[in-house]
>>> print(open('start32.csv').read())   # CSV, C-alpha atoms
chain,number,residue,atom,x,y,z
A,14,MET,CA,18.2,3.4,8.2
A,15,PRO,CA,14.5,3.0,8.8
A,16,ALA,CA,12.5,6.2,9.5
A,17,ILE,CA,10.6,4.4,12.3
A,18,GLU,CA,11.7,1.3,14.0
A,19,ALA,CA,10.0,-0.6,16.9
A,20,SER,CA,11.6,-3.5,18.6
A,21,GLY,CA,9.8,-5.6,21.1
A,22,LEU,CA,7.3,-2.8,21.8
A,23,THR,CA,5.0,-3.6,24.7
A,24,LYS,CA,2.5,-1.4,26.5
A,25,ILE,CA,0.7,-2.6,29.6
A,26,PHE,CA,-1.8,-0.6,31.6
A,27,GLY,CA,-2.3,-1.3,35.3
A,28,ARG,CA,-0.6,-0.9,38.7
A,29,ARG,CA,2.2,-3.3,38.1
A,30,PRO,CA,3.0,-3.3,34.3
A,31,GLN,CA,6.4,-4.9,34.7
A,32,ARG,CA,4.8,-7.9,36.3
A,33,GLY,CA,2.8,-8.1,33.1
A,34,VAL,CA,6.0,-8.1,31.0
A,35,ARG,CA,7.3,-11.0,33.0
A,36,MET,CA,4.0,-12.9,32.7
A,37,LEU,CA,4.0,-12.5,29.0
A,38,ALA,CA,7.6,-13.7,28.8
A,39,GLU,CA,6.5,-16.8,30.7
A,40,GLY,CA,3.7,-17.5,28.2
A,41,ALA,CA,0.7,-15.8,29.7
A,42,ASP,CA,-2.0,-14.4,27.5
A,43,ARG,CA,-4.2,-11.3,27.7
A,44,ALA,CA,-6.9,-13.0,29.7
A,45,GLN,CA,-4.4,-14.1,32.4
A,46,LEU,CA,-3.1,-10.6,32.7
A,47,ARG,CA,-6.6,-9.2,33.1
A,48,LYS,CA,-7.1,-11.4,36.1
A,49,GLU,CA,-4.1,-9.5,37.6
A,50,GLY,CA,-5.7,-6.2,36.8
A,51,LEU,CA,-3.5,-5.6,33.8
A,52,THR,CA,-4.4,-4.7,30.2
A,53,ALA,CA,-1.8,-5.7,27.6
A,54,ALA,CA,-2.6,-3.2,24.8
A,55,VAL,CA,0.5,-3.9,22.7
A,56,ILE,CA,2.6,-7.0,23.0
A,57,ASP,CA,6.1,-7.5,21.5
A,58,ALA,CA,5.5,-5.5,18.4
A,59,THR,CA,8.5,-5.4,16.1
A,60,PHE,CA,8.4,-3.6,12.7
A,61,SER,CA,10.2,-0.9,10.7
A,62,VAL,CA,9.0,1.8,8.4
A,63,GLU,CA,11.3,2.8,5.5
A,64,PRO,CA,11.7,6.4,4.4
A,65,GLY,CA,9.0,7.5,1.9
A,66,GLU,CA,6.8,4.5,2.7
A,67,ILE,CA,3.1,4.4,3.6
A,68,PHE,CA,3.0,1.8,6.4
A,69,VAL,CA,-0.5,0.9,7.5
A,70,VAL,CA,-1.4,-0.7,10.8
A,71,MET,CA,-4.6,-2.5,10.4
A,72,GLY,CA,-6.8,-4.0,13.1
A,73,LEU,CA,-10.2,-4.2,14.7
A,74,SER,CA,-11.2,-2.2,17.7
A,75,GLY,CA,-9.2,-3.3,20.7
A,76,SER,CA,-6.4,-4.8,18.6
A,77,GLY,CA,-3.9,-2.2,20.0
A,78,LYS,CA,-3.2,-0.1,16.9
A,79,SER,CA,-4.1,3.3,18.4
A,80,THR,CA,-2.0,2.5,21.5
A,81,LEU,CA,0.8,1.6,19.2
A,82,ILE,CA,0.8,4.9,17.4
A,83,ARG,CA,0.6,6.8,20.7
A,84,THR,CA,3.7,5.1,21.9
A,85,VAL,CA,5.5,6.0,18.7
A,86,ASN,CA,4.9,9.7,19.1
A,87,GLY,CA,5.6,9.7,22.9
A,88,LEU,CA,2.0,10.3,24.1
A,89,LEU,CA,2.4,7.0,25.9
A,90,GLU,CA,5.6,5.6,27.3
A,91,PRO,CA,6.3,1.9,26.4
A,92,THR,CA,6.4,-0.6,29.2
A,93,ASP,CA,9.1,-2.5,27.3
A,94,GLY,CA,10.9,-2.3,24.0
A,95,VAL,CA,12.5,0.4,22.0
A,96,ILE,CA,11.3,3.0,19.4
A,97,ARG,CA,13.7,4.8,17.1
A,98,ILE,CA,12.9,7.6,14.8
A,99,ASP,CA,15.7,8.3,12.2
A,100,GLY,CA,17.9,6.2,14.4
A,101,GLN,CA,17.3,8.1,17.6
A,102,ASP,CA,16.0,6.2,20.6
A,103,VAL,CA,13.0,8.1,21.7
A,104,THR,CA,11.7,5.5,24.2
A,105,HIS,CA,12.6,7.4,27.4
A,106,LEU,CA,13.2,10.9,26.3
A,107,SER,CA,12.5,13.8,28.6
A,108,LYS,CA,9.5,16.0,28.0
A,109,THR,CA,11.8,18.6,26.4
A,110,GLY,CA,13.3,15.9,24.1
A,111,LEU,CA,9.9,14.7,23.1
A,112,ARG,CA,8.8,18.2,22.3
A,113,GLU,CA,11.8,18.6,20.0
A,114,VAL,CA,11.0,15.3,18.2
A,115,ARG,CA,7.4,16.3,17.7
A,116,ARG,CA,8.2,19.8,16.5
A,117,ASN,CA,11.0,18.8,14.1
A,118,LYS,CA,10.6,15.2,13.1
A,119,VAL,CA,7.0,14.0,13.5
A,120,SER,CA,3.6,15.5,12.8
A,121,MET,CA,0.2,14.0,13.8
A,122,VAL,CA,-3.1,13.9,12.0
A,123,PHE,CA,-6.0,13.0,14.3
A,124,GLN,CA,-9.3,11.4,13.6
A,125,HIS,CA,-11.4,14.3,14.9
A,126,PHE,CA,-9.4,17.1,13.3
A,127,ALA,CA,-8.1,18.6,16.6
A,128,LEU,CA,-8.5,22.2,15.2
A,129,LEU,CA,-8.5,25.3,17.4
A,130,PRO,CA,-12.1,26.6,16.9
A,131,HIS,CA,-11.4,30.3,17.4
A,132,ARG,CA,-8.4,30.4,15.1
A,133,THR,CA,-8.7,30.8,11.4
A,134,VAL,CA,-7.9,28.0,9.0
A,135,GLY,CA,-4.6,29.6,8.1
A,136,GLU,CA,-3.7,30.0,11.8
A,137,ASN,CA,-4.5,26.4,12.4
A,138,ALA,CA,-2.3,25.3,9.6
A,139,ALA,CA,0.5,27.5,10.8
A,140,TYR,CA,0.2,26.6,14.5
A,141,PRO,CA,3.1,24.1,14.7
A,142,LEU,CA,5.4,26.7,13.1
A,143,LYS,CA,4.3,29.3,15.7
A,144,LEU,CA,5.2,26.8,18.5
A,145,ARG,CA,8.6,26.4,16.8
A,146,GLY,CA,9.2,30.2,16.8
A,147,VAL,CA,9.0,30.7,13.1
A,148,SER,CA,8.4,34.3,12.0
A,149,LYS,CA,4.8,35.3,11.2
A,150,SER,CA,5.5,36.0,7.5
A,151,GLU,CA,7.3,32.7,7.0
A,152,ARG,CA,4.6,30.6,8.7
A,153,GLU,CA,1.8,32.4,6.8
A,154,GLU,CA,3.6,31.6,3.6
A,155,ARG,CA,4.2,28.0,4.4
A,156,ALA,CA,0.6,27.6,5.7
A,157,GLU,CA,-0.8,29.1,2.5
A,158,GLU,CA,1.3,26.7,0.5
A,159,ALA,CA,0.2,23.7,2.5
A,160,LEU,CA,-3.5,24.7,2.2
A,161,GLY,CA,-3.0,24.9,-1.6
A,162,MET,CA,-1.6,21.4,-1.6
A,163,VAL,CA,-4.8,20.0,0.0
A,164,GLY,CA,-7.2,22.0,-2.2
A,165,LEU,CA,-8.0,24.7,0.3
A,166,LYS,CA,-6.4,27.7,-1.4
A,167,GLY,CA,-8.3,30.9,-0.4
A,168,TRP,CA,-9.8,29.4,2.7
A,169,GLY,CA,-7.1,30.6,5.1
A,170,GLY,CA,-9.3,33.4,6.6
A,171,SER,CA,-12.2,31.2,7.4
A,172,LEU,CA,-13.0,29.6,10.7
A,173,PRO,CA,-13.2,25.8,11.1
A,174,SER,CA,-16.9,26.0,11.8
A,175,GLN,CA,-17.5,27.3,8.3
A,176,LEU,CA,-15.9,24.2,6.8
A,177,SER,CA,-17.4,20.7,6.1
A,178,GLY,CA,-15.9,17.7,7.9
A,179,GLY,CA,-13.8,16.7,4.8
A,180,MET,CA,-12.5,20.3,4.6
A,181,ARG,CA,-11.6,20.3,8.3
A,182,GLN,CA,-9.6,17.1,7.9
A,183,ARG,CA,-7.8,18.7,5.0
A,184,VAL,CA,-6.8,21.5,7.4
A,185,GLY,CA,-5.4,18.9,9.7
A,186,LEU,CA,-3.4,17.4,6.9
A,187,ALA,CA,-2.2,20.9,5.8
A,188,ARG,CA,-1.1,21.6,9.4
A,189,ALA,CA,1.1,18.4,9.3
A,190,LEU,CA,2.5,19.4,5.9
A,191,ALA,CA,3.2,23.0,6.9
A,192,ALA,CA,5.3,21.7,9.8
A,193,GLY,CA,7.7,20.3,7.3
A,194,THR,CA,8.5,17.1,9.2
A,195,ASP,CA,9.5,14.0,7.3
A,196,VAL,CA,7.3,11.6,9.3
A,197,LEU,CA,3.5,11.8,9.5
A,198,LEU,CA,1.5,9.8,12.0
A,199,MET,CA,-2.2,9.4,11.0
A,200,ASP,CA,-4.5,7.9,13.6
A,201,GLU,CA,-7.8,6.8,11.9
A,202,ALA,CA,-7.5,10.1,10.1
A,203,PHE,CA,-10.4,9.5,7.6
A,204,SER,CA,-12.7,7.2,9.6
A,205,ALA,CA,-15.0,10.0,10.7
A,206,LEU,CA,-15.7,11.0,7.1
A,207,ASP,CA,-18.5,10.0,4.8
A,208,PRO,CA,-17.5,7.3,2.3
A,209,LEU,CA,-17.3,9.6,-0.7
A,210,ILE,CA,-15.3,12.2,1.2
A,211,ARG,CA,-13.1,9.5,2.6
A,212,LYS,CA,-12.2,8.2,-0.8
A,213,GLU,CA,-11.4,11.8,-1.9
A,214,MET,CA,-9.0,12.1,1.1
A,215,GLN,CA,-7.4,8.8,0.2
A,216,ASP,CA,-6.8,10.1,-3.3
A,217,GLN,CA,-5.5,13.3,-2.0
A,218,LEU,CA,-3.0,11.5,0.3
A,219,LEU,CA,-1.8,9.3,-2.5
A,220,GLU,CA,-1.3,12.3,-4.8
A,221,LEU,CA,0.6,14.2,-2.1
A,222,GLN,CA,2.7,11.2,-1.3
A,223,ALA,CA,3.7,10.8,-4.9
A,224,GLU,CA,4.9,14.4,-4.9
A,225,LEU,CA,6.4,14.8,-1.4
A,226,GLY,CA,7.6,11.3,-0.5
A,227,LYS,CA,6.8,11.5,3.2
A,228,THR,CA,7.1,8.6,5.7
A,229,ILE,CA,3.6,7.8,6.8
A,230,LEU,CA,2.4,5.6,9.6
A,231,PHE,CA,-1.3,5.2,9.0
A,232,ILE,CA,-3.8,3.6,11.5
A,233,THR,CA,-7.1,2.2,10.3
A,234,HIS,CA,-9.7,-0.4,11.0
A,235,ASP,CA,-10.9,-0.4,7.4
A,236,LEU,CA,-9.3,-3.2,5.4
A,237,ASN,CA,-10.1,-1.7,2.0
A,238,GLU,CA,-8.5,1.5,3.1
A,239,ALA,CA,-5.4,-0.4,4.3
A,240,MET,CA,-5.1,-2.3,1.0
A,241,ARG,CA,-5.6,0.9,-1.1
A,242,LEU,CA,-3.1,3.1,0.8
A,243,GLY,CA,-0.4,0.8,2.2
A,244,ASP,CA,2.9,0.0,0.6
A,245,ARG,CA,3.1,-2.5,3.4
A,246,ILE,CA,0.5,-3.5,6.0
A,247,ALA,CA,0.9,-4.7,9.6
A,248,MET,CA,-2.1,-6.8,10.7
A,249,MET,CA,-2.8,-6.7,14.4
A,250,ARG,CA,-4.8,-9.0,16.7
A,251,ASP,CA,-5.1,-8.9,20.4
A,252,GLY,CA,-2.1,-6.5,20.8
A,253,ARG,CA,0.2,-8.5,18.6
A,254,VAL,CA,1.4,-7.9,15.0
A,255,VAL,CA,0.5,-11.2,13.3
A,256,GLN,CA,1.7,-10.3,9.8
A,257,VAL,CA,3.6,-7.6,7.9
A,258,GLY,CA,3.5,-7.5,4.1
A,259,SER,CA,2.3,-5.9,0.9
A,260,ALA,CA,-1.4,-6.1,0.1
A,261,GLU,CA,-0.6,-8.8,-2.5
A,262,GLN,CA,1.3,-10.9,0.1
A,263,ILE,CA,-1.4,-10.6,2.7
A,264,LEU,CA,-4.1,-11.6,0.2
A,265,ASN,CA,-2.1,-14.4,-1.4
A,266,GLU,CA,0.0,-15.6,1.6
A,267,PRO,CA,-2.0,-15.0,4.8
A,268,ALA,CA,0.2,-16.0,7.8
A,269,THR,CA,-2.6,-17.2,10.0
A,270,ASP,CA,-6.2,-18.4,9.7
A,271,TYR,CA,-7.3,-15.1,11.3
A,272,VAL,CA,-5.7,-13.1,8.5
A,273,ALA,CA,-7.1,-15.4,5.9
A,274,GLN,CA,-10.6,-15.0,7.3
A,275,PHE,CA,-10.1,-11.2,7.5
A,276,VAL,CA,-9.2,-10.9,3.8
A,277,ALA,CA,-11.7,-13.5,2.5
A,278,ASP,CA,-14.2,-10.9,1.3
A,279,VAL,CA,-11.8,-8.4,-0.1
A,280,ASP,CA,-12.4,-7.4,-3.8
A,281,ARG,CA,-9.1,-8.9,-5.1
A,282,SER,CA,-9.6,-7.2,-8.5
A,283,ARG,CA,-9.2,-3.8,-6.9
A,284,VAL,CA,-6.1,-4.7,-4.8
A,285,LEU,CA,-4.1,-6.9,-7.1
A,286,THR,CA,-2.3,-5.4,-10.1
A,287,ALA,CA,-1.1,-6.7,-13.4
A,288,GLY,CA,2.4,-6.8,-12.1
A,289,ALA,CA,1.4,-9.1,-9.2
A,290,VAL,CA,-0.1,-11.8,-11.5
A,291,MET,CA,1.8,-11.5,-14.8
A,292,GLU,CA,3.8,-14.4,-16.0
A,293,ARG,CA,7.3,-14.4,-17.4
A,294,ALA,CA,7.2,-13.4,-21.1
A,295,VAL,CA,9.5,-16.0,-22.5
A,296,ALA,CA,7.4,-17.5,-25.4
A,297,VAL,CA,8.4,-14.6,-27.7
A,298,VAL,CA,9.7,-14.5,-31.3
A,299,GLY,CA,11.3,-11.6,-33.0
A,300,SER,CA,9.5,-10.0,-35.9
A,301,GLU,CA,12.3,-11.1,-38.3
A,302,THR,CA,11.7,-14.8,-37.4
A,303,GLY,CA,10.3,-17.0,-40.1
A,304,PRO,CA,7.3,-19.3,-39.9
A,305,ARG,CA,9.3,-22.5,-39.8
A,306,SER,CA,11.3,-21.4,-36.7
A,307,ALA,CA,8.1,-20.2,-35.0
A,308,HIS,CA,6.4,-23.5,-35.7
A,309,LYS,CA,9.3,-25.5,-34.3
A,310,LEU,CA,9.2,-23.4,-31.1
A,311,MET,CA,5.5,-24.0,-30.7
A,312,ARG,CA,5.8,-27.7,-31.3
A,313,GLU,CA,8.7,-28.2,-28.9
A,314,ASN,CA,7.0,-26.3,-26.1
A,315,GLN,CA,3.4,-27.2,-26.7
A,316,VAL,CA,2.1,-23.6,-26.9
A,317,PRO,CA,-0.6,-22.5,-29.4
A,318,ALA,CA,0.6,-18.9,-29.8
A,319,LEU,CA,3.7,-16.7,-29.6
A,320,LEU,CA,4.0,-13.0,-29.0
A,321,VAL,CA,5.9,-11.1,-31.7
A,322,THR,CA,8.2,-8.3,-30.6
A,323,THR,CA,10.8,-6.0,-32.2
A,324,ARG,CA,14.5,-6.1,-31.2
A,325,SER,CA,13.7,-3.5,-28.5
A,326,ARG,CA,11.1,-5.9,-27.0
A,327,LYS,CA,8.1,-3.8,-28.1
A,328,VAL,CA,5.0,-5.8,-28.9
A,329,GLU,CA,4.1,-6.0,-32.6
A,330,GLY,CA,1.4,-8.6,-32.3
A,331,ILE,CA,0.7,-12.3,-31.9
A,332,VAL,CA,0.8,-15.4,-34.1
A,333,TRP,CA,-1.4,-18.4,-33.6
A,334,GLU,CA,-0.6,-22.0,-34.6
A,335,ASP,CA,-3.3,-22.2,-37.3
A,336,ASP,CA,-1.9,-19.2,-39.1
A,337,ILE,CA,1.6,-20.5,-38.9
A,338,ALA,CA,0.5,-23.9,-40.4
A,339,ALA,CA,-1.2,-22.1,-43.3
A,340,ALA,CA,2.0,-20.0,-43.9
A,341,LEU,CA,4.1,-23.1,-44.1
A,342,LYS,CA,1.7,-24.7,-46.6
A,343,THR,CA,2.0,-21.6,-48.9
A,344,GLY,CA,5.8,-21.3,-48.4
A,345,ALA,CA,5.5,-17.8,-46.9
A,346,GLU,CA,8.7,-16.4,-45.5
A,347,LYS,CA,7.3,-13.8,-43.1
A,348,LEU,CA,5.4,-14.3,-39.9
A,349,PRO,CA,1.6,-14.0,-40.4
A,350,LEU,CA,0.7,-11.7,-37.6
A,351,SER,CA,-2.7,-13.0,-36.5
A,352,ALA,CA,-3.5,-9.8,-34.6
A,353,THR,CA,-1.8,-6.6,-33.8
A,354,ASP,CA,-4.3,-5.5,-31.2
A,355,VAL,CA,-2.6,-7.2,-28.3
A,356,PRO,CA,-3.9,-5.4,-25.2
A,357,ARG,CA,-1.1,-3.5,-23.4
A,358,VAL,CA,-1.1,-2.4,-19.8
A,359,THR,CA,1.4,-1.3,-17.2
A,360,ALA,CA,2.4,-3.3,-14.1
A,361,ASP,CA,0.4,-1.0,-11.7
A,362,THR,CA,-2.9,-1.4,-13.6
A,363,PRO,CA,-5.5,-2.9,-11.2
A,364,LEU,CA,-7.0,-6.2,-12.3
A,365,PHE,CA,-10.6,-5.0,-12.6
A,366,GLU,CA,-9.4,-2.8,-15.5
A,367,LEU,CA,-8.3,-5.9,-17.4
A,368,PHE,CA,-11.6,-7.6,-17.7
A,369,PRO,CA,-12.8,-5.7,-20.8
A,370,TYR,CA,-9.7,-6.8,-22.6
A,371,ALA,CA,-10.1,-10.4,-21.6
A,372,ALA,CA,-13.8,-10.3,-22.7
A,373,ALA,CA,-13.0,-8.7,-26.1
A,374,THR,CA,-10.1,-11.0,-27.3
A,375,ARG,CA,-8.6,-14.4,-26.7
A,376,ASN,CA,-5.1,-12.7,-27.0
A,377,PRO,CA,-3.1,-12.6,-23.8
A,378,ILE,CA,-2.6,-9.2,-22.2
A,379,ALA,CA,0.9,-7.8,-22.5
A,380,VAL,CA,2.4,-6.0,-19.5
A,381,VAL,CA,4.8,-3.3,-20.7
A,382,ASP,CA,7.0,-0.7,-19.1
A,383,GLU,CA,6.9,3.1,-19.6
A,384,GLN,CA,8.8,2.7,-22.9
A,385,GLY,CA,6.4,0.0,-24.2
A,386,ARG,CA,8.9,-2.9,-23.7
A,387,LEU,CA,7.4,-6.3,-22.9
A,388,GLN,CA,7.7,-7.2,-19.2
A,389,GLY,CA,5.2,-10.1,-18.9
A,390,VAL,CA,1.9,-11.6,-20.1
A,391,ILE,CA,-1.4,-12.4,-18.5
A,392,PRO,CA,-3.5,-15.1,-20.3
A,393,ARG,CA,-7.2,-15.1,-19.6
A,394,VAL,CA,-7.0,-18.2,-17.4
A,395,THR,CA,-4.4,-16.5,-15.2
A,396,LEU,CA,-6.6,-13.4,-14.8
A,397,LEU,CA,-9.5,-15.6,-13.7
A,398,SER,CA,-7.5,-17.8,-11.3
A,399,ALA,CA,-5.9,-14.7,-9.7
A,400,LEU,CA,-9.4,-13.9,-8.3
A,401,SER,CA,-9.9,-17.3,-6.6
A,402,GLY,CA,-7.5,-16.5,-3.8
A,403,PRO,CA,-4.7,-18.6,-2.2
A,404,ASP,CA,-6.9,-21.6,-1.7
A,405,GLY,CA,-7.7,-22.0,-5.4
A,406,THR,CA,-5.9,-24.6,-7.4
A,407,ASP,CA,-4.6,-22.1,-9.9
A,408,GLY,CA,-4.2,-19.0,-7.7
A,409,ALA,CA,-2.2,-16.0,-8.8
A,410,ALA,CA,0.6,-17.1,-6.6
A,411,ASP,CA,1.1,-20.4,-8.4
A,412,GLY,CA,3.8,-18.9,-10.7
A,413,PRO,CA,4.7,-19.2,-14.3
A,414,ASP,CA,3.7,-22.8,-14.9
A,415,ALA,CA,-0.1,-22.3,-14.7
A,416,ALA,CA,-1.8,-23.1,-17.9
A,417,GLY,CA,-5.4,-23.3,-19.3
A,418,ALA,CA,-7.1,-25.9,-21.4
A,419,ASP,CA,-9.1,-23.4,-23.6
A,420,GLY,CA,-6.3,-22.3,-25.9
A,421,ASP,CA,-5.0,-19.6,-23.6
A,422,THR,CA,-2.0,-21.6,-22.5
A,423,THR,CA,0.8,-19.7,-20.7
A,424,LEU,CA,3.5,-18.5,-23.1
A,425,ASP,CA,6.3,-20.3,-21.4
A,426,THR,CA,9.1,-21.1,-23.9
A,427,ALA,CA,12.5,-19.8,-24.8
A,428,GLY,CA,12.6,-16.6,-26.9
A,429,VAL,CA,13.9,-16.5,-30.4
A,430,HIS,CA,15.4,-13.4,-32.0
>>> encode(input="start32.csv", output="structure tokens")
Amino acid sequence: MPAIEASGLTKIFGRRPQRGVRMLAEGADRAQLRKEGLTAAVIDATFSVEPGEIFVVMGLSGSGKSTLIRTVNGLLEPTDGVIRIDGQDVTHLSKTGLREVRRNKVSMVFQHFALLPHRTVGENAAYPLKLRGVSKSEREERAEEALGMVGLKGWGGSLPSQLSGGMRQRVGLARALAAGTDVLLMDEAFSALDPLIRKEMQDQLLELQAELGKTILFITHDLNEAMRLGDRIAMMRDGRVVQVGSAEQILNEPATDYVAQFVADVDRSRVLTAGAVMERAVAVVGSETGPRSAHKLMRENQVPALLVTTRSRKVEGIVWEDDIAAALKTGAEKLPLSATDVPRVTADTPLFELFPYAAATRNPIAVVDEQGRLQGVIPRVTLLSALSGPDGTDGAADGPDAAGADGDTTLDTAGVH
């Protein structure tokens, strides 16, 4: 069951919003509604957020993203459509019902902190618990624990005015964590912060998410922030959700020209990971294989090199065709490992960290799991083509048949053990 689910969500401001719904159903656009004195802030938005996911809604000013999050938490009532939280339809709940949802299921982190200036940091962090009727001793304990999680241990007795902007935003996050809800709604939570502090808060959120596994609906107008934080991203334009996907999908498979233009200047090397561009590791020989079998495999499949692995698929090194040919001439029975320093990275390694490896050696980069077992390979040509984007002739999305002409041909043959 999705933690948050929106179906056909529409929000229209004006005196006759239902007329706007009918006009949209008949094909009218935002401009036509404006002539009727109506503002279509969100139009037919449908998406779901899975438990434990960071789902980022990304859009420019006026795209409808902030209105969308305010309909999710009940600050605004939808004109049309349905919102469910943990399977419960919250679209038309009474005020009492909405209060219960906010107190027990959903917490909000605002752009401008929304702290009570005359209450201490600890009291601010504990405030949702006070509204819920939690005892003073328990709420103080939970607030102190939450402040520790966000790096503010020992600041509970201070006033918000004594804190920097970044620290006050940490208090806002601590307040949401102290409430103990499974769902966090974050509306431009870091946009008022300086760039350095903003990155620190992003790091903090990712660390907390790895530990706590909350469901987070995060609103931002910053594409780099969306790409960095989001497990999935919803791109909005003119009130509509125009694409939902992972950062890799949006970069490599933009659904519209608008999305393609939007992501054109993204630093792909800091978004894409080794796992997103690696190729299937099938041109592999076992360490016990002889030179003759390895040479036959190379000749049949027209590859200049083979990775050598143990029976447990751990990389031992690589053999190149020249060394195999020399071994055949001398009658050698063992594989001549040309190099044992094959670079090894994990699937979540960002591409920019791979460039030093590619510059230092012609060997392909091996992608391994936590146990060191081979999962895939990244030849140099694949690493370079991954940065050219979806319009390039050899983009990262081209699959396992991409090959280069400089000797770094894709290892793409049957394995031998």
>>> residues_around(input="start32.csv", residues="Gly303 of chain A", least_positions_apart="5", cutoff="6 Å", atoms="all atoms listed in the file", output="PyMOL selection string")
chain A and resi 346-348
>>> closest_residue(input="start32.csv", among="A:Arg326, A:Lys48, A:Arg28, A:Arg83", to="Gly389 of chain A", atoms="all atoms listed in the file")
A:Arg326
>>> residues_around(input="start32.csv", residues="Arg116 of chain A", least_positions_apart="2", cutoff="10 Å", atoms="all atoms listed in the file", output="list in words")
Gly110, Leu111, Arg112, Glu113, Val114, Lys118, Val119, Ser120, Pro141, Leu142, Leu144, Arg145, Ala192, Gly193 and Thr194 of chain A
>>> atom_distance(input="start32.csv", atom1="atom CA of Pro317 of chain A", atom2="atom CA of Asn265 of chain A")
29.2 Å
>>> closest_residue(input="start32.csv", among="A:Ala44, A:Ile82, A:Leu51, A:Ala191", to="Gly27 of chain A", atoms="all atoms listed in the file")
A:Leu51
>>> atom_distance(input="start32.csv", atom1="atom CA of Val390 of chain A", atom2="atom CA of Val279 of chain A")
24.5 Å
>>> residues_around(input="start32.csv", residues="Gly21 of chain A", least_positions_apart="4", cutoff="8 Å", atoms="only C-alpha atoms", output="PyMOL selection string")
chain A and resi 56-59+93-95
>>> closest_residue(input="start32.csv", among="A:Lys166, A:Arg183, A:Arg132, A:Arg312", to="Leu218 of chain A", atoms="only C-alpha atoms")
A:Arg183
>>> closest_residue(input="start32.csv", among="A:Val276, A:Val55, A:Arg47, A:Val62", to="Arg245 of chain A", atoms="all atoms listed in the file")
A:Val62
>>> closest_residue(input="start32.csv", among="A:Ala345, A:Ala373, A:Leu364, A:Leu230", to="Leu397 of chain A", atoms="all atoms listed in the file")
A:Leu364
